[in-house]
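> Supplied structure: work.txt, compact mmCIF, C-alpha atoms and all ligand atoms.
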# COMPACT_ATOMS: atom_id res chain seq x y z
CA MET A 11 68.09 -5.15 -55.75
CA PHE A 12 64.60 -3.75 -56.18
CA ASP A 13 63.28 -6.88 -57.77
CA PHE A 14 64.44 -8.75 -54.73
CA PHE A 15 61.50 -7.39 -52.76
CA ARG A 16 58.90 -7.58 -55.46
CA ARG A 17 56.50 -10.24 -54.43
CA LYS A 18 52.85 -11.03 -54.32
CA LYS A 19 51.37 -9.88 -51.04
CA ASP A 20 47.72 -10.29 -50.48
CA GLN A 21 47.74 -12.21 -47.24
CA PRO A 22 48.15 -10.99 -43.68
CA PRO A 23 51.41 -11.72 -41.90
CA THR A 24 49.98 -13.87 -39.15
CA ASP A 25 46.66 -15.38 -38.47
CA ALA A 26 45.33 -16.00 -41.94
CA ALA A 27 46.47 -19.02 -43.85
CA LYS A 28 49.01 -18.22 -46.54
CA PRO A 29 48.70 -19.76 -49.92
CA GLU A 30 51.97 -21.12 -51.15
CA GLY A 31 54.20 -18.40 -52.47
CA ALA A 32 51.98 -15.56 -51.20
CA THR A 33 54.71 -14.31 -48.85
CA GLU A 34 58.14 -15.43 -49.77
CA ARG A 35 60.62 -16.11 -47.05
CA TYR A 36 64.28 -15.51 -47.65
CA SER A 37 67.14 -17.69 -46.63
CA ILE A 38 70.19 -16.17 -44.97
CA GLU A 39 72.11 -16.81 -48.18
CA GLU A 40 69.58 -14.83 -50.19
CA LEU A 41 69.65 -11.97 -47.71
CA ALA A 42 73.44 -11.98 -47.58
CA ALA A 43 73.55 -11.88 -51.37
CA ALA A 44 71.09 -8.98 -51.44
CA PHE A 45 72.93 -6.96 -48.78
CA PRO A 46 76.57 -7.90 -49.07
CA SER A 47 77.92 -5.25 -46.69
CA ARG A 48 74.89 -4.50 -44.51
CA GLN A 49 75.62 -3.09 -41.11
CA PRO A 50 72.92 -1.68 -38.85
CA GLU A 51 73.07 2.11 -39.13
CA VAL A 52 72.16 2.68 -35.53
CA GLU A 53 73.18 0.33 -32.80
CA ALA A 54 70.17 -0.26 -30.66
CA VAL A 55 72.08 1.06 -27.67
CA GLU A 56 69.04 2.56 -26.05
CA HIS A 57 67.14 -0.69 -25.82
CA GLU A 58 67.66 -1.08 -22.09
CA ALA A 59 66.53 2.45 -21.39
CA ALA A 60 63.52 1.91 -23.57
CA ARG A 61 62.54 -1.23 -21.75
CA GLU A 62 62.92 0.46 -18.39
CA ALA A 63 60.88 3.45 -19.38
CA VAL A 64 58.03 1.43 -20.82
CA GLU A 65 55.89 -0.43 -18.36
CA PRO A 66 56.68 -4.13 -18.34
CA SER A 67 53.23 -5.03 -19.60
CA ASP A 68 53.82 -2.85 -22.63
CA VAL A 69 56.94 -4.45 -23.95
CA VAL A 70 57.74 -7.88 -25.15
CA PRO A 71 61.36 -8.61 -24.17
CA VAL A 72 63.69 -8.34 -27.11
CA GLU A 73 67.29 -9.30 -27.44
CA GLN A 74 69.58 -6.38 -26.95
CA ALA A 75 71.20 -5.03 -30.08
CA ALA A 76 69.80 -7.84 -32.13
CA PRO A 77 71.29 -7.87 -35.61
CA ALA A 78 69.08 -5.98 -37.99
CA VAL A 79 69.03 -8.73 -40.55
CA GLU A 80 68.31 -12.12 -39.13
CA PRO A 81 68.05 -15.35 -40.99
CA ALA A 82 64.52 -16.04 -42.03
CA ARG A 83 63.07 -18.77 -39.88
CA ALA A 84 61.75 -21.96 -41.25
CA SER A 85 58.49 -21.68 -39.34
CA GLU A 86 55.71 -19.16 -39.89
CA PRO A 87 56.11 -15.86 -37.99
CA GLU A 88 54.97 -15.96 -34.38
CA PRO A 89 51.53 -14.52 -33.87
CA VAL A 90 51.32 -11.34 -31.83
CA PRO A 91 51.78 -12.43 -28.19
CA ALA A 92 48.58 -12.61 -26.17
CA GLU A 93 49.80 -10.07 -23.62
CA VAL A 94 50.49 -7.57 -26.37
CA ILE A 95 46.98 -7.93 -27.67
CA ALA A 96 45.52 -7.81 -24.16
CA ALA A 97 47.48 -4.70 -23.25
CA ALA A 98 46.44 -3.04 -26.43
CA LEU A 99 42.80 -4.00 -26.58
CA ASP A 100 41.67 -0.87 -24.74
CA ILE A 101 41.74 1.15 -27.91
CA GLU A 102 41.72 4.82 -27.18
CA PRO A 103 38.96 6.93 -28.60
CA VAL A 104 39.89 8.32 -31.97
CA ALA A 105 41.35 11.78 -31.64
CA ALA A 106 39.74 13.36 -34.64
CA PRO A 107 36.18 12.51 -35.63
CA ILE A 108 35.59 11.60 -39.23
CA ALA A 109 34.50 14.81 -40.86
CA PRO A 110 32.69 14.42 -44.13
CA ALA A 111 34.04 16.61 -46.88
CA PRO A 112 31.83 19.55 -47.70
CA PRO A 113 29.28 18.68 -50.36
CA VAL A 114 29.92 19.74 -53.91
CA ALA A 115 28.15 22.99 -54.63
CA ASP A 116 25.53 22.91 -57.33
CA HIS A 117 27.51 25.54 -59.17
CA PRO A 118 31.07 24.97 -58.06
CA VAL A 119 33.43 27.88 -58.16
CA ALA A 120 36.38 25.52 -58.61
CA GLU A 121 38.93 26.34 -61.21
CA PRO A 122 38.91 23.98 -64.15
CA ALA A 123 41.38 21.12 -64.07
CA ALA A 124 44.88 22.35 -64.83
CA PRO A 125 46.52 21.35 -68.03
CA GLY A 126 48.58 18.19 -67.51
CA LYS A 127 51.38 18.56 -64.99
CA PRO A 128 54.49 16.58 -65.83
CA GLY A 129 54.05 12.89 -65.18
CA TRP A 130 50.43 12.75 -64.06
CA ARG A 131 48.80 12.41 -67.48
CA GLU A 132 51.39 10.03 -68.76
CA ARG A 133 51.19 7.80 -65.67
CA LEU A 134 47.43 7.79 -65.23
CA ARG A 135 46.64 7.35 -68.90
CA GLY A 136 46.01 3.62 -68.42
CA SER A 137 43.63 4.10 -65.49
CA ALA A 138 40.26 2.41 -65.69
CA PHE A 139 38.71 5.82 -65.04
CA ALA A 140 40.24 7.27 -68.21
CA ARG A 141 39.33 4.12 -70.12
CA SER A 142 35.69 4.11 -69.08
CA PHE A 143 35.32 7.69 -70.35
CA ASN A 144 37.26 7.02 -73.52
CA GLY A 145 35.01 7.70 -76.51
CA LEU A 146 31.99 8.36 -74.28
CA PHE A 147 31.49 11.96 -75.38
CA SER A 148 32.04 11.23 -79.06
CA ARG A 149 29.49 8.41 -78.88
CA HIS A 150 27.01 10.70 -77.08
CA PRO A 151 27.59 14.23 -78.33
CA ARG A 152 23.97 15.27 -77.56
CA LEU A 153 22.91 16.76 -74.26
CA ASP A 154 20.33 14.22 -73.13
CA ASP A 155 19.56 11.66 -70.43
CA ASP A 156 21.46 8.96 -72.33
CA LEU A 157 24.65 10.98 -71.95
CA LEU A 158 24.03 11.34 -68.21
CA ASP A 159 23.30 7.61 -67.88
CA GLU A 160 26.58 6.80 -69.61
CA ILE A 161 28.47 9.17 -67.34
CA GLU A 162 26.81 7.59 -64.31
CA THR A 163 27.84 4.11 -65.42
CA ALA A 164 31.40 5.24 -66.15
CA LEU A 165 31.75 6.83 -62.71
CA ILE A 166 30.37 3.78 -60.90
CA THR A 167 32.62 1.48 -62.96
CA ALA A 168 35.60 3.63 -62.00
CA ASP A 169 34.84 3.11 -58.27
CA VAL A 170 33.68 6.63 -57.54
CA GLY A 171 30.93 5.05 -55.43
CA VAL A 172 27.17 5.34 -55.60
CA SER A 173 26.64 8.37 -53.39
CA ALA A 174 29.39 10.52 -54.92
CA THR A 175 28.25 9.50 -58.42
CA THR A 176 24.62 10.36 -57.68
CA GLN A 177 25.62 13.73 -56.33
CA LEU A 178 27.73 14.52 -59.40
CA VAL A 179 25.20 13.30 -61.96
CA GLU A 180 22.19 14.96 -60.32
CA SER A 181 24.03 18.28 -60.24
CA LEU A 182 24.80 17.92 -63.97
CA ARG A 183 21.19 16.94 -64.70
CA LYS A 184 19.82 20.00 -62.95
CA ARG A 185 22.15 22.30 -64.80
CA MET A 186 21.51 20.57 -68.13
CA LYS A 187 17.75 21.02 -67.63
CA SER A 188 18.25 24.71 -66.91
CA ARG A 189 20.18 24.95 -70.21
CA GLU A 190 23.42 25.94 -68.62
CA PHE A 191 25.52 23.90 -71.08
CA ALA A 192 25.84 24.85 -74.72
CA ASP A 193 27.04 21.37 -75.67
CA ALA A 194 28.49 18.11 -74.32
CA ASN A 195 31.95 19.67 -74.06
CA ALA A 196 30.58 22.31 -71.69
CA LEU A 197 29.08 19.51 -69.60
CA LEU A 198 32.44 17.71 -69.56
CA ALA A 199 34.10 20.93 -68.37
CA ALA A 200 31.51 21.18 -65.58
CA LEU A 201 32.11 17.56 -64.56
CA ARG A 202 35.86 18.14 -64.44
CA ALA A 203 35.32 21.21 -62.26
CA ASP A 204 32.95 19.27 -59.96
CA LEU A 205 35.51 16.49 -59.56
CA VAL A 206 38.23 19.02 -58.71
CA ALA A 207 35.86 20.68 -56.20
CA MET A 208 35.29 17.31 -54.55
CA LEU A 209 39.03 16.79 -54.03
CA LYS A 210 40.16 20.34 -53.25
CA PRO A 211 39.23 20.20 -49.54
CA VAL A 212 41.37 17.08 -49.02
CA ALA A 213 44.35 18.13 -51.14
CA GLN A 214 46.28 19.32 -48.09
CA PRO A 215 50.04 18.77 -48.28
CA LEU A 216 51.86 17.36 -45.28
CA GLN A 217 53.36 20.14 -43.16
CA ILE A 218 56.35 19.16 -41.04
CA ASP A 219 56.07 20.96 -37.73
CA THR A 220 59.69 21.76 -36.93
CA ASN A 221 58.74 22.50 -33.31
CA ALA A 222 58.08 18.79 -32.86
CA LYS A 223 61.39 17.21 -31.95
CA PRO A 224 61.17 15.03 -33.85
CA PHE A 225 58.09 15.10 -36.08
CA VAL A 226 56.92 11.48 -35.86
CA LEU A 227 55.24 9.96 -38.88
CA LEU A 228 53.64 6.55 -38.38
CA THR A 229 52.74 4.65 -41.54
CA VAL A 230 49.90 2.11 -41.47
CA GLY A 231 47.89 0.10 -43.97
CA VAL A 232 47.00 -3.38 -45.17
CA ASN A 233 49.52 -5.79 -46.65
CA GLY A 234 51.43 -4.88 -49.75
CA VAL A 235 49.85 -1.45 -50.33
CA GLY A 236 53.25 0.26 -50.62
CA LYS A 237 54.02 1.45 -47.06
CA THR A 238 57.74 0.67 -47.09
CA THR A 239 58.19 1.92 -50.65
CA THR A 240 56.40 5.14 -49.70
CA ILE A 241 58.73 5.54 -46.69
CA GLY A 242 61.70 5.11 -49.03
CA LYS A 243 60.30 7.77 -51.36
CA LEU A 244 59.59 10.09 -48.42
CA ALA A 245 63.12 9.52 -47.13
CA LYS A 246 64.48 10.79 -50.43
CA ARG A 247 62.12 13.76 -50.40
CA PHE A 248 63.05 14.78 -46.83
CA LYS A 249 66.72 14.16 -47.47
CA ASP A 250 66.55 16.45 -50.51
CA GLU A 251 64.95 19.05 -48.23
CA ASN A 252 67.95 18.68 -45.88
CA ARG A 253 65.84 17.44 -42.99
CA PRO A 254 67.72 15.29 -40.48
CA LEU A 255 65.85 12.03 -40.69
CA MET A 256 65.63 8.58 -39.11
CA LEU A 257 63.62 5.47 -39.97
CA ALA A 258 62.21 2.86 -37.58
CA ALA A 259 61.85 -0.72 -38.81
CA GLY A 260 58.54 -1.42 -37.10
CA ASP A 261 57.57 -4.29 -39.41
CA THR A 262 59.10 -7.02 -37.31
CA PHE A 263 57.12 -9.90 -38.79
CA ARG A 264 59.59 -10.62 -41.56
CA ALA A 265 63.37 -10.30 -41.62
CA ALA A 266 63.06 -9.23 -45.24
CA ALA A 267 60.85 -6.29 -44.19
CA VAL A 268 63.62 -4.94 -41.95
CA ALA A 269 66.16 -5.48 -44.73
CA GLN A 270 63.89 -3.72 -47.23
CA LEU A 271 63.71 -0.59 -45.06
CA GLN A 272 67.45 -0.70 -44.46
CA ALA A 273 68.05 -0.85 -48.19
CA TRP A 274 66.04 2.37 -48.57
CA GLY A 275 67.98 3.85 -45.64
CA ASP A 276 71.30 2.95 -47.29
CA ARG A 277 70.21 4.36 -50.61
CA ASN A 278 69.38 7.71 -49.04
CA GLY A 279 72.05 7.79 -46.33
CA VAL A 280 69.42 7.69 -43.58
CA PRO A 281 69.93 5.82 -40.28
CA VAL A 282 67.50 2.99 -39.54
CA VAL A 283 66.66 1.79 -36.04
CA ALA A 284 65.88 -1.92 -35.99
CA GLN A 285 65.69 -4.76 -33.52
CA GLY A 286 65.25 -7.66 -35.89
CA GLN A 287 62.47 -10.07 -36.62
CA ASN A 288 59.76 -10.78 -34.05
CA ALA A 289 60.78 -7.87 -31.84
CA ASP A 290 57.90 -5.91 -30.36
CA ALA A 291 56.93 -3.21 -32.83
CA ALA A 292 56.07 -0.75 -30.04
CA SER A 293 59.48 -1.28 -28.47
CA VAL A 294 61.17 -0.55 -31.81
CA ALA A 295 59.14 2.65 -32.14
CA PHE A 296 60.05 3.67 -28.59
CA ASP A 297 63.76 3.01 -29.15
CA ALA A 298 63.70 4.91 -32.40
CA LEU A 299 61.99 7.94 -30.85
CA GLN A 300 64.54 7.99 -28.05
CA ALA A 301 67.41 7.74 -30.53
CA ALA A 302 65.89 10.45 -32.73
CA LYS A 303 65.47 12.76 -29.74
CA ALA A 304 69.04 12.13 -28.62
CA ARG A 305 70.37 12.97 -32.09
CA GLY A 306 68.19 16.03 -32.64
CA THR A 307 66.56 14.39 -35.66
CA GLN A 308 63.84 16.47 -37.31
CA VAL A 309 61.70 13.67 -38.75
CA LEU A 310 61.21 10.07 -37.65
CA ILE A 311 59.27 7.74 -39.96
CA ALA A 312 58.09 4.44 -38.48
CA ASP A 313 57.19 1.50 -40.68
CA THR A 314 54.63 -1.05 -39.49
CA ALA A 315 53.69 -4.52 -40.65
CA GLY A 316 50.82 -4.73 -43.10
CA ARG A 317 47.63 -5.98 -41.47
CA LEU A 318 44.11 -6.63 -42.58
CA HIS A 319 41.65 -4.13 -41.17
CA THR A 320 39.56 -7.10 -40.02
CA GLN A 321 42.33 -8.52 -37.77
CA GLN A 322 41.29 -7.15 -34.40
CA GLY A 323 44.42 -8.08 -32.45
CA LEU A 324 46.77 -6.62 -35.05
CA MET A 325 44.68 -3.47 -35.33
CA ALA A 326 44.85 -3.06 -31.56
CA GLU A 327 48.64 -3.32 -31.75
CA LEU A 328 48.67 -0.04 -33.68
CA GLY A 329 46.93 1.67 -30.76
CA LYS A 330 49.66 0.31 -28.52
CA ILE A 331 52.45 1.68 -30.75
CA LYS A 332 50.79 5.07 -30.52
CA ARG A 333 50.47 4.93 -26.74
CA VAL A 334 54.08 3.86 -26.29
CA LEU A 335 55.29 6.76 -28.46
CA GLN A 336 53.19 9.10 -26.33
CA LYS A 337 55.13 8.07 -23.25
CA LEU A 338 58.06 10.03 -24.73
CA ASP A 339 56.07 12.75 -26.50
CA THR A 340 52.40 13.28 -25.76
CA SER A 341 51.84 14.86 -29.17
CA ALA A 342 53.34 11.91 -31.12
CA PRO A 343 52.72 10.56 -33.65
CA HIS A 344 52.26 13.90 -35.39
CA GLU A 345 51.03 12.22 -38.54
CA VAL A 346 49.39 8.81 -38.91
CA LEU A 347 49.78 8.24 -42.61
CA MET A 348 47.60 5.50 -44.02
CA VAL A 349 48.75 4.06 -47.31
CA ILE A 350 45.96 2.87 -49.60
CA ASP A 351 46.44 0.88 -52.78
CA GLY A 352 44.66 2.76 -55.56
CA THR A 353 43.69 -0.51 -57.22
CA THR A 354 41.70 -1.60 -54.16
CA GLY A 355 38.31 -0.20 -55.11
CA GLN A 356 35.48 0.33 -52.65
CA ASN A 357 37.12 -1.92 -50.03
CA ALA A 358 39.41 1.03 -49.34
CA LEU A 359 36.49 2.68 -47.54
CA SER A 360 36.16 -0.06 -44.92
CA GLN A 361 39.95 -0.23 -44.60
CA LEU A 362 40.11 3.46 -43.77
CA ARG A 363 37.14 3.23 -41.40
CA GLN A 364 38.83 0.49 -39.34
CA PHE A 365 42.31 2.01 -39.32
CA HIS A 366 40.86 5.38 -38.36
CA ALA A 367 38.99 3.81 -35.45
CA ALA A 368 42.12 2.00 -34.25
CA VAL A 369 44.76 4.69 -34.54
CA GLY A 370 43.26 7.99 -35.79
CA VAL A 371 44.43 8.44 -39.38
CA THR A 372 45.49 12.04 -40.13
CA GLY A 373 46.63 11.71 -43.74
CA LEU A 374 46.46 9.40 -46.74
CA VAL A 375 48.77 8.27 -49.49
CA VAL A 376 47.10 6.61 -52.47
CA THR A 377 49.60 4.42 -54.31
CA LYS A 378 49.75 2.51 -57.58
CA LEU A 379 47.65 5.06 -59.43
CA ASP A 380 49.82 4.33 -62.43
CA GLY A 381 48.93 1.22 -64.36
CA THR A 382 45.39 -0.04 -64.17
CA ALA A 383 44.15 1.62 -60.96
CA LYS A 384 40.64 2.90 -61.36
CA GLY A 385 41.41 5.99 -59.35
CA GLY A 386 37.76 6.68 -58.62
CA VAL A 387 38.03 5.50 -55.04
CA VAL A 388 39.94 8.69 -54.27
CA PHE A 389 36.67 10.64 -54.77
CA ALA A 390 34.74 8.23 -52.56
CA LEU A 391 37.38 8.52 -49.81
CA ALA A 392 37.39 12.30 -50.04
CA ARG A 393 33.63 12.56 -49.87
CA GLU A 394 33.10 10.07 -47.07
CA PHE A 395 35.99 10.90 -44.72
CA GLY A 396 37.39 14.32 -45.57
CA ILE A 397 40.82 13.12 -44.39
CA PRO A 398 43.68 14.97 -46.14
CA ILE A 399 45.30 13.16 -49.05
CA ARG A 400 48.97 14.02 -48.75
CA PHE A 401 50.62 12.13 -51.60
CA ALA A 402 49.89 10.02 -54.65
CA GLY A 403 52.13 7.15 -55.75
CA ILE A 404 52.31 7.15 -59.53
CA GLY A 405 55.16 4.68 -60.02
CA GLU A 406 57.88 2.74 -58.24
CA ARG A 407 60.75 5.20 -58.56
CA PRO A 408 61.63 7.53 -55.66
CA GLU A 409 60.49 10.57 -57.64
CA ASP A 410 57.10 8.95 -58.33
CA LEU A 411 55.62 10.08 -55.03
CA ARG A 412 53.80 13.32 -55.81
CA VAL A 413 52.20 15.82 -53.48
CA PHE A 414 48.53 15.19 -54.13
CA ASP A 415 47.27 17.74 -56.64
CA ALA A 416 43.50 17.73 -57.22
CA GLU A 417 43.70 19.50 -60.58
CA ALA A 418 46.52 17.42 -62.03
CA PHE A 419 44.78 14.24 -60.84
CA VAL A 420 41.42 15.09 -62.42
CA ASP A 421 43.09 16.34 -65.56
CA ALA A 422 44.95 13.04 -65.91
CA LEU A 423 41.85 10.90 -65.29
CA LEU A 424 39.47 12.93 -67.41
CA PRO A 425 41.38 15.09 -69.88
CA GLU A 426 39.60 17.78 -71.85
CA SER A 427 40.59 15.92 -75.00
CA LEU A 428 38.00 13.25 -74.19
CA GLY A 429 35.32 15.73 -75.25
CA ALA A 430 33.12 15.25 -78.30
N1 LIG A 501 53.34 0.70 -59.73
C1 LIG A 501 53.50 1.06 -58.47
N2 LIG A 501 53.97 0.16 -57.59
C2 LIG A 501 54.14 0.54 -56.31
C3 LIG A 501 53.81 1.85 -55.87
N3 LIG A 501 54.07 1.91 -54.53
C4 LIG A 501 54.53 0.68 -54.18
N4 LIG A 501 54.58 -0.14 -55.24
C5 LIG A 501 55.00 -1.55 -55.29
O1 LIG A 501 54.14 -2.30 -54.46
C6 LIG A 501 54.84 -3.43 -53.94
C7 LIG A 501 54.62 -3.51 -52.44
O2 LIG A 501 55.26 -2.41 -51.85
P1 LIG A 501 55.75 -2.40 -50.33
O3 LIG A 501 56.29 -1.04 -50.07
O4 LIG A 501 56.61 -3.55 -50.02
O5 LIG A 501 54.36 -2.58 -49.59
P2 LIG A 501 54.10 -2.68 -48.01
O6 LIG A 501 52.81 -2.03 -47.74
O7 LIG A 501 55.27 -2.17 -47.27
O8 LIG A 501 53.98 -4.26 -47.83
P3 LIG A 501 53.95 -5.09 -46.46
O9 LIG A 501 55.05 -4.55 -45.62
O10 LIG A 501 54.18 -6.50 -46.86
O11 LIG A 501 52.61 -4.89 -45.86
C8 LIG A 501 56.30 -3.25 -54.35
O12 LIG A 501 56.55 -4.06 -55.48
C9 LIG A 501 56.38 -1.78 -54.74
O13 LIG A 501 57.36 -1.52 -55.70
C10 LIG A 501 53.29 2.79 -56.85
O14 LIG A 501 52.96 3.95 -56.55
N5 LIG A 501 53.17 2.34 -58.11
MG MG A 502 56.40 -3.06 -45.79
Could I get this file's structure written as structure tokens?
Ligand SMILES: Nc1nc2c(ncn2[C@@H]2O[C@H](COP(=O)(O)OP(=O)(O)OP(=O)(O)O)[C@@H](O)[C@H]2O)c(=O)[nH]1
Ligand SMILES: [Mg+2]

Amino acid sequence: MFDFFRRKKDQPPTDAAKPEGATERYSIEELAAAFPSRQPEVEAVEHEAAREAVEPSDVVPVEQAAPAVEPARASEPEPVPAEVIAAALDIEPVAAPIAPAPPVADHPVAEPAAPGKPGWRERLRGSAFARSFNGLFSRHPRLDDDLLDEIETALITADVGVSATTQLVESLRKRMKSREFADANALLAALRADLVAMLKPVAQPLQIDTNAKPFVLLTVGVNGVGKTTTIGKLAKRFKDENRPLMLAAGDTFRAAAVAQLQAWGDRNGVPVVAQGQNADAASVAFDALQAAKARGTQVLIADTAGRLHTQQGLMAELGKIKRVLQKLDTSAPHEVLMVIDGTTGQNALSQLRQFHAAVGVTGLVVTKLDGTAKGGVVFALAREFGIPIRFAGIGERPEDLRVFDAEAFVDALLPESLGA
């Protein structure tokens, strides 16, 4: 079943041309085979109420109680309707300004990186970060400028970014010159502590405010970064915590996207509100929030279609989803969780900048840190934006979504054993 959804996704759902095979479309036979007994978990009974409550200009008419899984259409998905874009173009000012993370102290008081926590070391072992430091200290056991140059190159190669790298290396240089380090291993320990100190301010776990009824979590991000998979993993986590939960299938561009979320819902016994392909995403979110309120659900997680941060109309649609949710609850969404692919590199910075401007990102999930991800971009994101990193995706299984842990992360990328 899982392989059914695994596909190459590096193109936007609408206005960019798709190379052949970039986004697979599924026939009704394929979908029927993948979901032999699929029934929508929640009838979209509140659709009429939702449409009445939302101003006409806000909602694209959708068919009532549309089946959740529709046959994939032969044509490309419809672009976002012009009136949706027009209604949404007045993007609201971002609620929270981007606050840069506090600079790393010259002599950080951070605890050293913790010894490997289960899973982190094993999963991040193949990261380009770990690889670029591999053998570095044994090749350069002497405390000199060559060692610092090598460290600088390794950090830049691992996508830590120029400004964060300069800050780290200059701090080490100063302390090396003042003879603070007895040997290269002491310098490595200082670097590990500096890296932990850089991430500590953003390692803030997601807190579910149980006074919010429900706590609304909106997931956003570019195509294929792992939004829907992360929702599935979160569904398991919240289910295990006995939190009444509901999912909203807000990626209405592809029938398979709705089916993918429903598969996660089935797996975890969680109801999914859906209206089918090409429905208005804001209308789905509105319906779902109404249904969640009516059922006394504690957490509602809304999926959205992947979009490139450069697609203005699609970015504006996110602002509209937020505004429509606020018609039912002025404090919703309580968390705008942006999912970032850890293999993305420095482009993640401009992605976050644009999504934050459009919808006010309050938390991050960095996925795919297992495998070949460089991992360094996490430091650049932390330093530039100071937005909390809630979770790290270190694999495809439900249990592979970890609460972001600065020490375990640094320890996995740069273990003590890499010393001279
Ligand atoms: N290795 C690894 N793969 C992941 C991780 N998270 C997601 N994936 C995989 O990434 C692929 C894309 O995941 P999706 O959840 O469909 O991504 P998405 O952002 O919802 O995609 P769109 O809806 O098309 O924008 C799937 O094959 C997932 O299994 C992770 O932490 N590690
Ligand atoms: Mg998705």
> List all protein, DNA and RNA residues that have an atom no more than 6 Å from any atom of ligand LIG 501 (chain A), counting all atoms listed in the file, and report them as a PyMOL selection string.
chain A and resi 16+232-239+315-316+377-378+380+403-406
> What does the list of residues within 12 Å of ligand MG 502 (chain A) look like if you count only C-alpha atoms and all ligand atoms, written as a PyMOL selection string?
chain A and resi 15-17+19+22-23+33+229-242+258-272+274+312-317+349
> Just how far from atom CA of A:Val371 is atom CA of A:Leu338, in Å to one decimal?
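These two atoms are separated by 20.1 Å.
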> Could you work out how far atom CA of A:Lys384 lies from atom CA of A:Gly355, giving the answer in Å with one decimal?
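Separating atom CA of A:Gly355 from atom CA of A:Lys384 is a distance of 7.4 Å.
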> Using all atoms listed in the file, can you tell me which of A:Leu228, A:Ile397, A:Ala301, A:Ala358 comes closest to A:Lys332?
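Of all the options, A:Leu228 lies closest to A:Lys332.
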> Counting only C-alpha atoms, which of A:Leu134, A:Ala368, A:Val388, A:Ala292 gets nearest to A:Gln356?
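Smallest separation from A:Gln356 among the options: A:Val388.
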> Could you tell me, as a PyMOL selection string, which residues have any atom at most 10 Å from (59.6, 12.4, -48.9), counting all atoms listed in the file?
chain A and resi 216+240-251+253+401+408-409+411-413
> To one decimal place in Å, what is the distance between atom CA of A:Arg135 and atom CA of A:Gly386?
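For atom CA of A:Arg135 relative to atom CA of A:Gly386, the distance reads 13.6 Å.
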> For A:Lys223, work out the shell of residues within 8 Å, counting only C-alpha atoms and skipping chain neighbours fewer than 5 positions away, then give it as a PyMOL selection string.
chain A and resi 303+306-309
> A:Arg189, A:Met256, A:Lys184, A:Val280: which is nearest A:Asp297, counting all atoms listed in the file?
A:Met256
> Identify which of the residues A:Leu153, A:Ala222, A:Leu359, A:Val375 lies closest to A:Ala194, counting all atoms listed in the file when measuring atom-to-atom distances.
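The closest residue to A:Ala194 is A:Leu153.
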> If we count only C-alpha atoms and set the cut-off at 6 Å, which residues sit around A:Ala430, ignoring sequence neighbours fewer than 2 positions away in its own chain? Please answer as a PyMOL selection string.
chain A and resi 147-148+151
> Mind checking which residues fall within 9 Å of A:Gly171, counting all atoms listed in the file, ignoring those fewer than 3 positions away in the same chain, and posting them as a list in words?
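That gives Leu165, Ile166, Thr167, Ala168, Ala174, Thr175, Thr176, Gln356, Gly386, Val387, Phe389 and Ala390 of chain A.
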> Rank A:Ala289, A:Val206, A:Leu255, A:Ala383 by their smallest atom-to-atom distance to A:Asp415, using all atoms listed in the file, and report the top residue only.
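Of A:Ala289, A:Val206, A:Leu255, A:Ala383, the one nearest A:Asp415, counting all atoms listed in the file, is A:Val206.
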> Looking at all atoms listed in the file, which of A:Gly145, A:Gly129, A:Gly396, A:Gly429 is the one that sits closest to A:Leu379?
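Smallest separation from A:Leu379 among the options: A:Gly129.
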> Would you mind listing what lies within 12 Å of A:Leu178 as a CSV table (one decimal) with C-alpha atoms, keeping the file's coordinate frame, with all atoms listed in the file counted and same-chain residues fewer than 2 positions away left out?

chain,number,residue,atom,x,y,z
A,113,PRO,CA,29.3,18.7,-50.4
A,114,VAL,CA,29.9,19.7,-53.9
A,115,ALA,CA,28.2,23.0,-54.6
A,116,ASP,CA,25.5,22.9,-57.3
A,117,HIS,CA,27.5,25.5,-59.2
A,118,PRO,CA,31.1,25.0,-58.1
A,158,LEU,CA,24.0,11.3,-68.2
A,159,ASP,CA,23.3,7.6,-67.9
A,161,ILE,CA,28.5,9.2,-67.3
A,162,GLU,CA,26.8,7.6,-64.3
A,165,LEU,CA,31.8,6.8,-62.7
A,166,ILE,CA,30.4,3.8,-60.9
A,170,VAL,CA,33.7,6.6,-57.5
A,171,GLY,CA,30.9,5.0,-55.4
A,172,VAL,CA,27.2,5.3,-55.6
A,173,SER,CA,26.6,8.4,-53.4
A,174,ALA,CA,29.4,10.5,-54.9
A,175,THR,CA,28.2,9.5,-58.4
A,176,THR,CA,24.6,10.4,-57.7
A,180,GLU,CA,22.2,15.0,-60.3
A,181,SER,CA,24.0,18.3,-60.2
A,182,LEU,CA,24.8,17.9,-64.0
A,183,ARG,CA,21.2,16.9,-64.7
A,184,LYS,CA,19.8,20.0,-63.0
A,185,ARG,CA,22.2,22.3,-64.8
A,197,LEU,CA,29.1,19.5,-69.6
A,198,LEU,CA,32.4,17.7,-69.6
A,200,ALA,CA,31.5,21.2,-65.6
A,201,LEU,CA,32.1,17.6,-64.6
A,202,ARG,CA,35.9,18.1,-64.4
A,203,ALA,CA,35.3,21.2,-62.3
A,204,ASP,CA,33.0,19.3,-60.0
A,205,LEU,CA,35.5,16.5,-59.6
A,206,VAL,CA,38.2,19.0,-58.7
A,207,ALA,CA,35.9,20.7,-56.2
A,208,MET,CA,35.3,17.3,-54.6
A,389,PHE,CA,36.7,10.6,-54.8
A,390,ALA,CA,34.7,8.2,-52.6
A,393,ARG,CA,33.6,12.6,-49.9
> So which residues are close to (38.3, 18.9, -47.9), meaning at most 6 Å away in the file's coordinates with only C-alpha atoms counted, and can you show them as a PDB file with C-alpha atoms, in the coordinates of the input?

ATOM      1  CA  ALA A 111      34.040  16.610 -46.880  1.00  0.00           C
ATOM      2  CA  LYS A 210      40.160  20.340 -53.250  1.00  0.00           C
ATOM      3  CA  PRO A 211      39.230  20.200 -49.540  1.00  0.00           C
ATOM      4  CA  VAL A 212      41.370  17.080 -49.020  1.00  0.00           C
ATOM      5  CA  GLY A 396      37.390  14.320 -45.570  1.00  0.00           C
TER       6      GLY A 396
END
